[in-house]
Amino acid sequence: MIGLVGVTGFAGAGKTTAVNHLANLTGGRPFYLGQTVLDEVRARGLSETRESERQVRIDLRSEKGRAALAIPYVDEVAECLKNGIPALVDAIFNREEFDLLRSRFPSGPARVLAIDATLATRQARLARRSERTFSADELRERENTELKQLATDAVIAAADYTIHNEQTLEEFYCRLAEFMTRCA
């Protein structure tokens with residue numbers, strides 16, 4: 001059983017692609033922690049801009065702690081795991097988020113999967129996305145926040161498995177299949 005998989009990495013590395021592919025392979029359920037931010041932006045009646053999202057992320061973590069984005073999903077993740085359904089989390093930016101999700105099902109298998117890619121590769125990917133594109137400056141600013149405020153680099157470094165995603169999509173899928181084999 002694959003259990004809980006928290007996917008970590010910087011913007012544009014391939015986290016969402018990984019979670020969606022793993023869900024297709026396993027019948028698992030994807031959880032997008034960033035939805036917590038989007039829901040709160042809408043609840044506050046703010047415009048959906050990168051700046052309002054950044055501010056809401058900061059506010060939520062200030063008010064509810066570093067695991068704030070994971071709080072709305074704790075029960076759903078636990079229910080999936082209890083029923084043998086893999087819970088695939090996009091994305092883990094600090095260890096507290098993963099630890100909170102794991103806390104409700106501590107005996108089940110749980111892994112952090114890091115997806116890594118160079119800044120140049122990530123910039124190219126994000127520039128051609130159809131939604132939520134990033135300029136080079138916006139990407140550097142986002143990464144700076146993730147490094148200084150969240151210690152995402154520590155989560156990446158401590159991951160159970162790392163995929164360097166500089167290759168084709170087919171090769172990336174092969175690396176994800178290798179990860180699945182190691183989980184079995």
# chains A, B, ... in the order shown; residues from 1 in each chain; ligands from 1
call {"tool": "select_by_dssp", "arguments": {"residues": "chain A", "states": "strand (DSSP E)", "output": "PyMOL selection string"}}
result
chain A and resi 4-8+29-32+87-90+110-116+161-164
call {"tool": "closest_atom_pairs", "arguments": {"of": "stretch 39-129 of chain A", "to": "stretch 10-20 of chain A", "cutoff": "6 Å", "atoms": "only C-alpha atoms", "output": "Markdown table"}}
result
| residue | atom | partner | partner_atom | distance |
| --- | --- | --- | --- | --- |
| A:Leu88 | CA | A:Val19 | CA | 6.0 |
| A:Ile115 | CA | A:Ala13 | CA | 5.8 |
| A:Asp116 | CA | A:Ala13 | CA | 5.5 |
| A:Ala117 | CA | A:Ala13 | CA | 5.2 |
| A:Arg122 | CA | A:Gly12 | CA | 4.5 |
| A:Leu126 | CA | A:Gly12 | CA | 5.7 |
call {"tool": "write_last_selection", "arguments": {"atoms": "C-alpha atoms", "output": "PDB file, in the first residue's frame"}}
result
ATOM      1  CA  LEU A  88      -1.515  12.172  -2.423  1.00  0.00           C
ATOM      2  CA  ILE A 115      10.510  16.750  -7.073  1.00  0.00           C
ATOM      3  CA  ASP A 116      13.530  18.799  -8.040  1.00  0.00           C
ATOM      4  CA  ALA A 117      14.402  20.781 -11.167  1.00  0.00           C
ATOM      5  CA  ARG A 122      11.179  25.643 -13.707  1.00  0.00           C
ATOM      6  CA  LEU A 126       5.994  28.244 -15.526  1.00  0.00           C
TER       7      LEU A 126
END
call {"tool": "atom_distance", "arguments": {"atom1": "atom CA of A:Ser52", "atom2": "atom CA of A:Leu150"}}
result
17.9 Å
call {"tool": "residues_around", "arguments": {"residues": "A:Asp90", "least_positions_apart": "5", "cutoff": "8 Å", "atoms": "only C-alpha atoms", "output": "list in words"}}
result
Gly6, Val7, Thr8, Lys15, Thr16, Val19, Pro30, Phe31, Tyr32, Leu33 and Gly34 of chain A
call {"tool": "select_by_dssp", "arguments": {"residues": "chain A", "states": "helix (DSSP H, G or I)", "output": "number ranges by chain"}}
result
A: 15-26, 34-43, 50-64, 71-82, 95-103, 119-127, 136-150, 152-157, 169-183
call {"tool": "residues_around", "arguments": {"residues": "A:Ala158", "least_positions_apart": "2", "cutoff": "10 Å", "atoms": "only C-alpha atoms", "output": "number ranges by chain"}}
result
A: 95, 112-114, 152-156, 160-162
call {"tool": "closest_residue", "arguments": {"among": "A:Glu96, A:Ala87, A:Phe134, A:Ile58", "to": "A:Ala110", "atoms": "only C-alpha atoms"}}
result
A:Ala87
call {"tool": "closest_residue", "arguments": {"among": "A:Arg50, A:Arg44, A:Arg175, A:Arg102", "to": "A:Val74", "atoms": "only C-alpha atoms"}}
result
A:Arg102
call {"tool": "closest_residue", "arguments": {"among": "A:Thr133, A:Gly9, A:Arg128, A:Lys148", "to": "A:His164", "atoms": "only C-alpha atoms"}}
result
A:Gly9
call {"tool": "closest_residue", "arguments": {"among": "A:Asp137, A:Ala23, A:Thr121, A:Asp59", "to": "A:Asn165", "atoms": "only C-alpha atoms"}}
result
A:Thr121
call {"tool": "atom_distance", "arguments": {"atom1": "atom CA of A:Ser47", "atom2": "atom CA of A:Ala124"}}
result
26.2 Å
call {"tool": "atom_distance", "arguments": {"atom1": "atom CA of A:Gly28", "atom2": "atom CA of A:Pro86"}}
result
4.3 Å
call {"tool": "closest_residue", "arguments": {"among": "A:Thr49, A:Asn144, A:Ser107, A:Asn24", "to": "A:Leu4", "atoms": "only C-alpha atoms"}}
result
A:Ser107
call {"tool": "residues_around", "arguments": {"residues": "A:Ala67", "least_positions_apart": "6", "cutoff": "10 Å", "atoms": "only C-alpha atoms", "output": "count of residues only"}}
result
12
call {"tool": "residues_around", "arguments": {"residues": "A:Arg104", "least_positions_apart": "4", "cutoff": "10 Å", "atoms": "only C-alpha atoms", "output": "list of chain:residue names"}}
result
A:Val74, A:Asp75, A:Val77, A:Ala78, A:Glu79, A:Leu81, A:Lys82, A:Asp99, A:Leu100, A:Gly108
call {"tool": "closest_residue", "arguments": {"among": "A:Ala68, A:His21, A:Val89, A:Gly84", "to": "A:Pro109", "atoms": "only C-alpha atoms"}}
result
A:Gly84
